[in-house]
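Raw protein.txt, compact mmCIF, C-alpha atoms and all ligand atoms:
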# COMPACT_ATOMS: atom_id res chain seq x y z
CA MET Z 46 -1.68 0.45 -25.66
CA ARG Z 47 2.02 -0.25 -25.61
CA ARG Z 48 3.50 1.24 -22.47
CA THR Z 49 6.60 3.31 -23.11
CA ILE Z 50 7.88 4.17 -19.64
CA PHE Z 51 9.78 0.93 -19.06
CA SER Z 52 13.29 0.22 -20.38
CA ASP Z 53 14.65 -3.21 -21.37
CA GLU Z 54 16.17 -3.40 -17.89
CA HIS Z 55 12.77 -2.85 -16.32
CA GLU Z 56 11.20 -5.52 -18.51
CA LEU Z 57 13.94 -7.98 -17.58
CA PHE Z 58 13.28 -7.23 -13.94
CA ARG Z 59 9.55 -7.78 -14.50
CA ASN Z 60 10.18 -11.20 -16.03
CA GLU Z 61 12.46 -12.17 -13.16
CA PHE Z 62 10.06 -10.97 -10.50
CA ARG Z 63 7.10 -12.61 -12.23
CA ARG Z 64 8.92 -15.96 -12.29
CA PHE Z 65 9.91 -15.56 -8.63
CA ALA Z 66 6.45 -14.45 -7.51
CA GLU Z 67 4.70 -17.28 -9.33
CA ALA Z 68 7.04 -19.83 -7.70
CA GLU Z 69 7.46 -18.42 -4.20
CA ILE Z 70 4.52 -16.11 -3.47
CA ALA Z 71 1.45 -17.22 -5.44
CA PRO Z 72 1.39 -20.74 -3.91
CA ARG Z 73 1.21 -19.26 -0.41
CA VAL Z 74 -1.61 -16.75 -0.95
CA ALA Z 75 -4.51 -19.10 -0.11
CA GLU Z 76 -2.77 -20.25 3.07
CA TRP Z 77 -2.10 -16.62 4.12
CA ASN Z 78 -5.71 -15.70 3.44
CA ARG Z 79 -6.82 -18.50 5.76
CA ALA Z 80 -4.26 -17.62 8.44
CA GLY Z 81 -4.88 -13.86 8.33
CA THR Z 82 -1.17 -13.14 7.99
CA THR Z 83 1.90 -13.78 5.88
CA ASP Z 84 5.05 -15.56 7.05
CA LYS Z 85 8.46 -14.15 7.83
CA ALA Z 86 10.29 -16.88 5.90
CA THR Z 87 8.75 -15.72 2.62
CA TRP Z 88 9.57 -12.09 3.41
CA ARG Z 89 13.19 -13.14 3.81
CA LYS Z 90 13.10 -15.04 0.52
CA VAL Z 91 11.81 -11.93 -1.25
CA GLY Z 92 14.61 -9.90 0.36
CA GLU Z 93 17.32 -12.44 -0.46
CA ALA Z 94 16.17 -12.50 -4.08
CA GLY Z 95 16.68 -8.70 -4.21
CA PHE Z 96 13.05 -7.67 -4.65
CA LEU Z 97 12.71 -5.52 -1.53
CA GLY Z 98 14.00 -2.01 -1.90
CA ALA Z 99 14.80 -2.16 -5.60
CA ASN Z 100 14.59 1.63 -5.34
CA GLN Z 101 16.89 1.91 -2.28
CA PRO Z 102 20.57 2.92 -2.22
CA GLU Z 103 23.17 0.27 -3.01
CA GLU Z 104 25.13 1.44 0.03
CA TYR Z 105 22.55 -0.28 2.24
CA GLY Z 106 22.02 -3.33 0.05
CA GLY Z 107 19.34 -1.91 -2.27
CA ALA Z 108 19.44 -2.16 -6.05
CA GLY Z 109 19.69 1.61 -6.58
CA GLY Z 110 17.03 1.54 -9.30
CA ASP Z 111 14.28 4.08 -9.92
CA PHE Z 112 10.72 3.84 -8.61
CA LEU Z 113 9.58 2.08 -11.80
CA PHE Z 114 11.17 -1.12 -10.47
CA ASP Z 115 8.98 -0.89 -7.38
CA ALA Z 116 5.96 -0.08 -9.56
CA ILE Z 117 6.62 -3.33 -11.42
CA VAL Z 118 6.59 -5.23 -8.11
CA ILE Z 119 3.24 -3.61 -7.25
CA GLU Z 120 1.76 -4.57 -10.64
CA GLU Z 121 2.99 -8.12 -10.50
CA MET Z 122 1.74 -8.63 -6.94
CA ALA Z 123 -1.69 -7.40 -8.07
CA ARG Z 124 -1.57 -9.78 -11.04
CA ILE Z 125 -1.29 -12.77 -8.68
CA ARG Z 126 -3.67 -11.17 -6.15
CA ALA Z 127 -1.04 -11.36 -3.41
CA HIS Z 128 -2.54 -8.46 -1.46
CA ALA Z 129 -1.76 -10.29 1.77
CA MET Z 130 1.91 -9.48 1.40
CA MET Z 131 2.10 -5.70 1.39
CA LEU Z 132 5.50 -5.38 -0.24
CA SER Z 133 4.56 -1.90 -1.33
CA LEU Z 134 3.81 -0.72 2.20
CA HIS Z 135 7.22 -2.02 3.26
CA SER Z 136 9.31 -0.86 0.29
CA ASP Z 137 7.48 2.17 -1.11
CA ILE Z 138 5.85 3.67 1.95
CA CYS Z 139 7.94 2.79 5.02
CA MET Z 140 11.50 2.44 3.65
CA PRO Z 141 11.54 5.94 2.15
CA TYR Z 142 11.13 7.40 5.67
CA LEU Z 143 14.32 5.63 6.76
CA ARG Z 144 16.15 6.59 3.56
CA GLU Z 145 15.12 10.24 3.63
CA TYR Z 146 15.22 11.00 7.33
CA GLY Z 147 17.26 8.23 8.98
CA THR Z 148 20.69 8.86 10.49
CA PRO Z 149 23.53 6.71 9.07
CA GLU Z 150 23.22 4.53 12.21
CA GLN Z 151 19.44 4.10 11.77
CA LYS Z 152 19.90 3.22 8.11
CA GLU Z 153 22.66 0.74 8.87
CA ARG Z 154 20.53 -0.94 11.50
CA TRP Z 155 17.07 -0.89 9.97
CA LEU Z 156 17.13 0.06 6.29
CA ARG Z 157 19.69 -2.66 5.58
CA GLY Z 158 17.56 -5.19 7.52
CA ALA Z 159 14.39 -4.06 5.75
CA ILE Z 160 16.05 -4.64 2.37
CA THR Z 161 17.11 -8.20 3.32
CA GLY Z 162 13.60 -8.90 4.64
CA GLU Z 163 14.80 -9.42 8.22
CA VAL Z 164 13.12 -6.25 9.50
CA ILE Z 165 9.47 -6.00 8.46
CA LEU Z 166 8.17 -2.42 8.62
CA ALA Z 167 4.87 -0.80 9.54
CA VAL Z 168 3.72 2.79 9.93
CA ALA Z 169 1.27 3.64 12.71
CA MET Z 170 -0.70 6.85 12.22
CA THR Z 171 -4.33 5.90 12.76
CA GLU Z 172 -5.85 5.70 16.25
CA PRO Z 173 -9.24 4.50 17.46
CA GLY Z 174 -10.36 8.14 17.75
CA THR Z 175 -8.71 9.64 14.69
CA GLY Z 176 -7.85 8.69 11.13
CA SER Z 177 -8.28 11.40 8.51
CA ASP Z 178 -7.67 14.13 11.07
CA LEU Z 179 -4.07 13.11 11.59
CA ALA Z 180 -3.02 16.23 13.49
CA ASN Z 181 -5.36 15.10 16.25
CA VAL Z 182 -3.39 11.96 17.21
CA GLN Z 183 -3.35 11.41 20.97
CA THR Z 184 -0.41 9.01 21.31
CA ARG Z 185 2.34 10.76 23.24
CA ALA Z 186 6.10 10.35 23.16
CA ILE Z 187 7.43 12.46 25.98
CA ARG Z 188 11.15 13.04 26.34
CA SER Z 189 12.52 11.88 29.67
CA GLY Z 190 16.31 12.12 29.94
CA ASP Z 191 17.75 10.25 27.00
CA GLU Z 192 14.54 8.32 26.30
CA TYR Z 193 11.07 8.85 24.86
CA VAL Z 194 8.21 7.41 26.89
CA ILE Z 195 5.35 6.39 24.61
CA ASP Z 196 1.73 5.97 25.67
CA GLY Z 197 -1.26 5.49 23.41
CA ALA Z 198 -3.11 3.18 21.06
CA LYS Z 199 -3.11 2.70 17.31
CA THR Z 200 -5.50 0.73 15.13
CA PHE Z 201 -5.87 -0.62 11.59
CA ILE Z 202 -2.08 -0.98 11.31
CA SER Z 203 -1.01 -3.06 8.31
CA ASN Z 204 1.77 -5.55 9.11
CA GLY Z 205 0.78 -4.94 12.73
CA GLN Z 206 1.26 -8.56 13.77
CA ILE Z 207 4.32 -9.38 11.73
CA SER Z 208 6.31 -6.15 11.89
CA ASP Z 209 9.68 -5.80 13.64
CA LEU Z 210 9.90 -2.01 13.50
CA VAL Z 211 7.04 0.47 13.61
CA ILE Z 212 7.25 4.11 12.57
CA VAL Z 213 4.99 5.62 15.22
CA VAL Z 214 3.30 8.99 14.77
CA ALA Z 215 3.14 10.59 18.20
CA LYS Z 216 2.92 13.96 19.90
CA THR Z 217 6.22 14.96 21.45
CA ASP Z 218 4.65 18.34 22.30
CA PRO Z 219 0.95 17.78 23.05
CA LYS Z 220 0.42 21.51 23.68
CA ALA Z 221 1.88 22.72 20.38
CA SER Z 222 -0.16 25.19 18.37
CA PRO Z 223 -0.99 24.44 15.65
CA PRO Z 224 -1.23 20.81 16.85
CA HIS Z 225 0.68 19.32 13.90
CA ASP Z 226 3.79 21.19 15.04
CA GLY Z 227 3.87 18.83 18.04
CA ILE Z 228 4.05 15.65 15.94
CA SER Z 229 7.19 13.53 15.62
CA LEU Z 230 8.04 10.13 14.17
CA ILE Z 231 9.52 7.61 16.56
CA LEU Z 232 10.96 4.23 15.59
CA VAL Z 233 9.74 1.51 17.91
CA GLU Z 234 11.16 -2.02 17.84
CA THR Z 235 8.36 -4.46 18.51
CA ASP Z 236 10.30 -6.31 21.21
CA ARG Z 237 10.41 -3.22 23.46
CA PRO Z 238 8.76 -3.62 26.89
CA GLY Z 239 5.55 -1.62 26.94
CA PHE Z 240 4.76 -2.37 23.30
CA ARG Z 241 1.89 -4.80 22.78
CA ARG Z 242 0.07 -6.07 19.73
CA GLY Z 243 -3.70 -6.21 20.06
CA ARG Z 244 -6.16 -8.12 17.88
CA ASN Z 245 -5.44 -9.09 14.32
CA LEU Z 246 -8.64 -7.49 13.04
CA ASP Z 247 -11.21 -9.51 11.11
CA LYS Z 248 -12.05 -7.72 7.85
CA LEU Z 249 -14.22 -7.73 4.76
CA GLY Z 250 -11.26 -8.15 2.40
CA LEU Z 251 -7.45 -8.27 2.34
CA LYS Z 252 -7.93 -11.44 4.35
CA GLY Z 253 -4.27 -12.43 4.48
CA GLN Z 254 -3.02 -9.01 5.48
CA ASP Z 255 -2.56 -8.62 9.24
CA THR Z 256 -4.25 -5.38 10.22
CA SER Z 257 -3.93 -4.76 13.93
CA GLU Z 258 -4.33 -2.78 17.04
CA LEU Z 259 -1.09 -1.69 18.71
CA PHE Z 260 -0.71 -0.52 22.30
CA PHE Z 261 2.02 1.53 23.98
CA GLU Z 262 2.11 1.61 27.76
CA ASP Z 263 5.10 3.34 29.28
CA CYS Z 264 7.04 2.08 26.27
CA ARG Z 265 10.56 3.51 26.47
CA VAL Z 266 12.85 3.92 23.49
CA PRO Z 267 16.23 5.68 23.33
CA ALA Z 268 16.11 9.29 22.13
CA SER Z 269 18.21 8.09 19.17
CA ASN Z 270 15.02 6.35 17.89
CA LEU Z 271 13.63 9.75 16.88
CA LEU Z 272 13.36 9.85 13.09
CA GLY Z 273 14.27 13.24 11.66
CA GLN Z 274 13.64 16.29 13.77
CA GLU Z 275 11.28 16.65 16.71
CA GLY Z 276 8.09 18.47 15.72
CA ARG Z 277 8.66 17.87 11.99
CA GLY Z 278 6.72 14.60 11.82
CA PHE Z 279 3.65 16.01 10.10
CA LYS Z 280 5.73 17.67 7.40
CA MET Z 281 7.69 14.43 6.87
CA LEU Z 282 4.44 12.48 6.50
CA MET Z 283 3.12 14.99 3.95
CA ASN Z 284 6.37 14.78 1.96
CA MET Z 285 5.96 11.02 1.59
CA LEU Z 286 2.31 10.97 0.57
CA GLN Z 287 2.96 11.46 -3.14
CA GLN Z 288 4.67 8.09 -3.48
CA GLU Z 289 2.25 6.38 -1.08
CA ARG Z 290 -0.80 7.46 -3.04
CA LEU Z 291 0.81 6.82 -6.41
CA SER Z 292 1.59 3.27 -5.24
CA ILE Z 293 -2.07 2.69 -4.40
CA ALA Z 294 -3.15 4.01 -7.80
CA VAL Z 295 -0.61 1.80 -9.61
CA GLY Z 296 -1.96 -1.23 -7.73
CA SER Z 297 -5.55 -0.27 -8.42
CA ILE Z 298 -5.14 -0.17 -12.18
CA ALA Z 299 -3.19 -3.43 -12.13
CA SER Z 300 -5.96 -5.08 -10.08
CA CYS Z 301 -8.57 -3.73 -12.52
CA ARG Z 302 -6.68 -5.25 -15.42
CA ARG Z 303 -6.56 -8.65 -13.73
CA ALA Z 304 -10.26 -8.65 -12.84
CA LEU Z 305 -11.18 -7.53 -16.36
CA GLU Z 306 -9.06 -10.19 -18.08
CA ASP Z 307 -10.57 -12.94 -15.95
CA THR Z 308 -14.09 -11.64 -16.55
CA ILE Z 309 -13.60 -11.55 -20.32
CA GLU Z 310 -12.47 -15.17 -20.20
CA TYR Z 311 -15.38 -16.16 -17.98
CA THR Z 312 -17.98 -14.55 -20.23
CA ARG Z 313 -16.54 -16.38 -23.25
CA ASP Z 314 -16.93 -19.74 -21.50
CA ARG Z 315 -20.23 -19.31 -19.70
CA ARG Z 316 -23.31 -19.97 -21.81
CA ALA Z 317 -26.92 -18.82 -21.45
CA PHE Z 318 -29.80 -19.03 -23.96
CA GLY Z 319 -27.61 -21.14 -26.23
CA GLN Z 320 -24.74 -18.71 -26.55
CA PRO Z 321 -21.75 -17.44 -24.57
CA ILE Z 322 -22.78 -14.58 -22.32
CA ALA Z 323 -19.99 -12.64 -24.08
CA ALA Z 324 -22.27 -12.61 -27.13
CA PHE Z 325 -24.88 -10.43 -25.40
CA GLN Z 326 -24.52 -6.83 -26.34
CA ASN Z 327 -24.88 -5.79 -22.72
CA THR Z 328 -21.82 -7.87 -21.78
CA GLN Z 329 -19.84 -6.49 -24.70
CA PHE Z 330 -20.71 -2.88 -23.96
CA ARG Z 331 -20.04 -3.15 -20.24
CA LEU Z 332 -16.65 -4.76 -20.84
CA ALA Z 333 -15.82 -2.35 -23.66
CA GLU Z 334 -16.54 0.60 -21.38
CA LEU Z 335 -14.50 -0.81 -18.52
CA ALA Z 336 -11.57 -1.68 -20.82
CA THR Z 337 -11.64 1.92 -22.06
CA GLU Z 338 -11.52 3.27 -18.54
CA VAL Z 339 -8.62 1.00 -17.64
CA GLU Z 340 -6.64 2.25 -20.66
CA VAL Z 341 -7.41 5.88 -19.82
CA GLY Z 342 -6.36 5.26 -16.22
CA GLN Z 343 -3.18 3.45 -17.23
CA SER Z 344 -2.11 6.35 -19.47
CA PHE Z 345 -2.59 8.77 -16.59
CA ILE Z 346 -0.70 6.50 -14.18
CA ASP Z 347 2.19 6.08 -16.61
CA ALA Z 348 2.44 9.84 -17.07
CA LEU Z 349 2.49 10.27 -13.28
CA LEU Z 350 5.07 7.52 -12.82
CA ALA Z 351 7.35 9.21 -15.35
CA ALA Z 352 6.91 12.59 -13.63
CA HIS Z 353 7.51 11.06 -10.18
CA VAL Z 354 10.74 9.46 -11.39
CA ARG Z 355 11.80 12.85 -12.80
CA GLY Z 356 11.31 14.21 -9.26
CA GLU Z 357 8.39 16.49 -10.06
CA GLU Z 358 5.90 17.60 -7.44
CA ILE Z 359 2.59 16.12 -8.54
CA VAL Z 360 0.68 15.84 -5.26
CA THR Z 361 -2.55 17.17 -6.74
CA GLU Z 362 -2.41 14.93 -9.80
CA VAL Z 363 -1.56 11.91 -7.64
CA SER Z 364 -4.56 12.74 -5.42
CA MET Z 365 -6.69 12.77 -8.59
CA ALA Z 366 -5.27 9.41 -9.63
CA LYS Z 367 -5.78 7.88 -6.19
CA TRP Z 368 -9.47 8.67 -5.99
CA TRP Z 369 -10.21 8.00 -9.64
CA THR Z 370 -8.43 4.66 -9.98
CA THR Z 371 -9.71 3.28 -6.66
CA ASP Z 372 -13.22 4.42 -7.53
CA LEU Z 373 -12.86 2.68 -10.90
CA GLN Z 374 -11.61 -0.47 -9.14
CA LYS Z 375 -14.72 -0.53 -6.95
CA ARG Z 376 -17.08 -0.04 -9.91
CA LEU Z 377 -15.20 -2.45 -12.14
CA THR Z 378 -15.08 -5.29 -9.61
CA SER Z 379 -18.77 -4.80 -8.89
CA GLU Z 380 -19.69 -4.95 -12.58
CA CYS Z 381 -17.38 -7.89 -13.26
CA LEU Z 382 -18.93 -9.75 -10.33
CA GLN Z 383 -22.37 -9.12 -11.83
CA LEU Z 384 -21.21 -10.60 -15.14
CA HIS Z 385 -20.19 -13.77 -13.28
CA GLY Z 386 -23.77 -14.21 -12.03
CA GLY Z 387 -24.10 -16.36 -8.89
CA TYR Z 388 -20.61 -17.75 -9.33
CA GLY Z 389 -19.28 -14.25 -8.80
CA PHE Z 390 -20.61 -14.37 -5.27
CA MET Z 391 -18.82 -17.64 -4.51
CA SER Z 392 -15.47 -17.47 -2.75
CA GLU Z 393 -13.96 -20.00 -5.14
CA TYR Z 394 -14.17 -17.42 -7.92
CA PRO Z 395 -11.43 -14.78 -7.52
CA ILE Z 396 -13.77 -11.96 -8.55
CA SER Z 397 -15.55 -12.20 -5.18
CA GLY Z 398 -12.23 -11.53 -3.43
CA ASP Z 399 -11.43 -8.75 -5.91
CA TYR Z 400 -14.72 -7.09 -5.02
CA ALA Z 401 -14.06 -7.32 -1.27
CA ASP Z 402 -10.43 -6.23 -1.57
CA ALA Z 403 -11.37 -3.18 -3.64
CA ALA Z 404 -13.53 -1.68 -0.89
CA VAL Z 405 -10.64 -0.45 1.24
CA GLN Z 406 -8.74 1.22 -1.59
CA SER Z 407 -10.84 4.36 -1.35
CA ILE Z 408 -10.43 4.50 2.44
CA TYR Z 409 -6.78 4.09 3.37
CA ALA Z 410 -3.73 6.17 2.40
CA GLY Z 411 -6.00 9.19 2.71
CA SER Z 412 -9.67 8.60 1.96
CA ASN Z 413 -11.02 9.60 -1.44
CA GLU Z 414 -12.92 12.44 0.24
CA ILE Z 415 -9.62 13.78 1.58
CA MET Z 416 -8.17 13.49 -1.96
CA LYS Z 417 -10.99 15.73 -3.18
CA VAL Z 418 -10.34 18.18 -0.33
CA ILE Z 419 -6.72 18.45 -1.55
CA ILE Z 420 -7.77 18.91 -5.19
CA SER Z 421 -10.42 21.48 -4.25
CA ARG Z 422 -7.84 23.53 -2.33
CA LYS Z 423 -5.57 23.50 -5.36
CA LEU Z 424 -8.51 24.79 -7.41
CA GLY Z 425 -8.74 27.69 -4.97
CA LEU Z 426 -12.00 26.48 -3.50
CA GLY Z 427 -11.24 26.77 0.18
C1 LIG V 501 -7.24 -2.47 5.82
C2 LIG V 501 -6.74 -1.17 6.37
C3 LIG V 501 -5.36 -0.99 6.50
C4 LIG V 501 -4.87 0.19 7.06
N1 LIG V 501 -3.51 0.35 7.25
C5 LIG V 501 -3.06 1.41 7.94
C6 LIG V 501 -1.69 1.51 8.31
O1 LIG V 501 -0.86 0.66 7.98
N2 LIG V 501 -1.29 2.58 9.05
C7 LIG V 501 -2.17 3.55 9.45
O2 LIG V 501 -1.75 4.47 10.14
N3 LIG V 501 -3.48 3.49 9.10
C8 LIG V 501 -3.95 2.44 8.38
N4 LIG V 501 -5.27 2.36 8.05
C9 LIG V 501 -6.19 3.41 8.48
C10 LIG V 501 -6.66 4.31 7.36
O3 LIG V 501 -5.62 5.12 6.90
C11 LIG V 501 -7.86 5.11 7.92
O4 LIG V 501 -8.93 4.20 8.06
C12 LIG V 501 -8.23 6.26 7.01
O5 LIG V 501 -7.25 7.27 7.06
C13 LIG V 501 -9.59 6.88 7.41
O6 LIG V 501 -9.61 7.18 8.76
P1 LIG V 501 -10.84 6.67 9.67
O7 LIG V 501 -10.99 5.22 9.44
O8 LIG V 501 -10.59 7.13 11.06
O9 LIG V 501 -12.09 7.39 9.08
P2 LIG V 501 -12.61 8.87 9.45
O10 LIG V 501 -11.49 9.81 9.41
O11 LIG V 501 -13.42 8.75 10.70
O12 LIG V 501 -13.57 9.15 8.23
C14 LIG V 501 -14.91 8.62 8.12
C15 LIG V 501 -15.51 9.18 6.84
O13 LIG V 501 -15.55 10.61 6.91
C16 LIG V 501 -14.90 11.16 5.80
N5 LIG V 501 -14.19 12.40 6.13
C17 LIG V 501 -13.28 12.59 7.12
N6 LIG V 501 -12.81 13.84 7.09
C18 LIG V 501 -13.42 14.46 6.04
C19 LIG V 501 -13.35 15.76 5.48
N7 LIG V 501 -12.52 16.70 5.94
N8 LIG V 501 -14.14 16.04 4.41
C20 LIG V 501 -14.98 15.11 3.90
N9 LIG V 501 -15.08 13.86 4.39
C21 LIG V 501 -14.31 13.54 5.45
C22 LIG V 501 -13.90 10.09 5.36
O14 LIG V 501 -13.52 10.26 4.02
C23 LIG V 501 -14.71 8.83 5.60
O15 LIG V 501 -15.55 8.60 4.51
C24 LIG V 501 -5.78 1.22 7.46
C25 LIG V 501 -7.15 1.03 7.29
C26 LIG V 501 -7.64 -0.14 6.78
C27 LIG V 501 -9.13 -0.33 6.67

If you convert what's in this file into structure tokens, what do you get?
Ligand SMILES: Cc1cc2nc3c(=O)[nH]c(=O)nc-3n(C[C@H](O)[C@H](O)[C@H](O)COP(=O)(O)OP(=O)(O)OC[C@H]3O[C@@H](n4cnc5c(N)ncnc54)[C@H](O)[C@@H]3O)c2cc1C
Amino acid sequence: MRRTIFSDEHELFRNEFRRFAEAEIAPRVAEWNRAGTTDKATWRKVGEAGFLGANQPEEYGGAGGDFLFDAIVIEEMARIRAHAMMLSLHSDICMPYLREYGTPEQKERWLRGAITGEVILAVAMTEPGTGSDLANVQTRAIRSGDEYVIDGAKTFISNGQISDLVIVVAKTDPKASPPHDGISLILVETDRPGFRRGRNLDKLGLKGQDTSELFFEDCRVPASNLLGQEGRGFKMLMNMLQQERLSIAVGSIASCRRALEDTIEYTRDRRAFGQPIAAFQNTQFRLAELATEVEVGQSFIDALLAAHVRGEEIVTEVSMAKWWTTDLQKRLTSECLQLHGGYGFMSEYPISGDYADAAVQSIYAGSNEIMKVIISRKLGLG
């Protein structure tokens, strides 16, 4: 179906970004996947070309566009399977915290740098002992004079190895009741004494994305590194989840599209019993069903993107989209792999990577079970 949410300006931007990404990003993906991380030089190139923070204020070097520009970046990155470089985490998930809650000084120092690609961002919520149950984080940031002293450990942090600034979720009041009232967000520069990066974790998929442990041992930051108000961290996190989850859903549908297109092509070329495997009715029906689901999903995503840009509160609908699209991505990549036969299991065929990369989509940014908890509550079920 023709998509109607994008203007001519958006389409121009898509063409420009596609050209840039094919020249500067796609050729590096295999190398990143081998190395387990991206490189700072390419981040800077993306920033210099104006593709970081397309949705950020011009005052700090952004392009001042709407979120659809960032959605285009997500879709195009999925098209070239550049999952290693989490531009969306940087631009759509982390930057908004600085924009919404940063002081003018914090924005000048870090938002501007994030837009040029000089300051790579990460957000550290998850800990070895707690993920979904975010209010239970044990990392502490205790005020001492004009500093916060941070102690604790985080894990599974995307951009953990390469980041320059981490938004750390910590308890500034460990005794607060309810516990989430004790949570604050603290900005930690990664060259602070007491901050240490742990292992770059070996994973099933997202091979080029550095996902790490982070440690804080008597790590002192100035009190001015507090983001927003003390004790408001949980609320700030909740306010940002709509865009975070929408970004995942946008990427999921784009990844589905890519896997489907490649599988259609493969089944046309591959022959069995004297005919292309695309000629078997089973192949046709499977692909017809999946193509239908992708179109249904895309229509939903486009409606949500339009509503998000209008500033509507669509947390429940975005939770629906997050679980449904990522669930579809897992099923679709599994079925497309099957249609590739043994070649689908071989690393040289991209579908094997698509299958592995899909697995995490239903886990991070709020697991799909948590999405259903949110939807159930909205339905008045608990
Ligand atoms: C590749 C990768 C990148 C990541 N990047 C980041 C990052 O940049 N920053 C960050 O902070 N975190 C990151 N995470 C962590 C991610 O957000 C967590 O893994 C996720 O929130 C789930 O937490 P958990 O792993 O502790 O699982 P758990 O919370 O232990 O959950 C285990 C299972 O129990 C289910 N479950 C939990 N609670 C409920 C409930 N109430 N009802 C029903 N079922 C429930 C879950 O859905 C899941 O299936 C990343 C994870 C991965 C794998």

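If all atoms listed in the file are the atoms counted, then among Z:Leu57, Z:Met131, Z:Ile119, Z:Leu350 the closest residue to ligand LIG 501 (chain V) is Z:Met131.
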
task: Skip Z:Phe390 itself and residues of its chain fewer than 3 positions away, then list as a PyMOL selection string all residues within 12 Å of it, counting only C-alpha atoms.
output: chain Z and resi 378-387+393-401

- request: List all protein, DNA and RNA residues that have any atom at most 10 Å from ligand LIG 501 (chain V), counting all atoms listed in the file, and write the list as a PyMOL selection string.
  value: chain Z and resi 131+134-135+138-139+166-179+199-205+211-214+246-252+254-257+402+404-419

query: Which one of Z:Tyr142, Z:Ile228, Z:Glu69, Z:Asp196 sits closest to Z:Val182 if you count all atoms listed in the file?
result: Z:Ile228

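The space between atom CA of Z:Arg79 and atom CA of Z:Gln206 spans 15.1 Å.
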
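Distances to Z:Ala68 were evaluated for Z:Glu120, Z:Ile125, Z:Val339, Z:Val363 using only C-alpha atoms, and the minimum falls at Z:Ile125.
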
message: For a test of reading the model, state the distance in Å between atom CA of Z:Met130 and atom CA of Z:Gly296, rounded to one decimal.
response: 12.9 Å

So that I can see what lies close to stretch 84-98 of chain Z, please list as a CSV table (one decimal) with C-alpha atoms, in the coordinates of the input the residues with an atom at most 7 Å from it, counting only C-alpha atoms and leaving out residues fewer than 3 positions away in the same chain.
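Below you can see result04.csv, which holds the result:
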chain,number,residue,atom,x,y,z
Z,101,GLN,CA,16.9,1.9,-2.3
Z,107,GLY,CA,19.3,-1.9,-2.3
Z,108,ALA,CA,19.4,-2.2,-6.0
Z,136,SER,CA,9.3,-0.9,0.3
Z,160,ILE,CA,16.0,-4.6,2.4
Z,161,THR,CA,17.1,-8.2,3.3
Z,162,GLY,CA,13.6,-8.9,4.6
Z,163,GLU,CA,14.8,-9.4,8.2
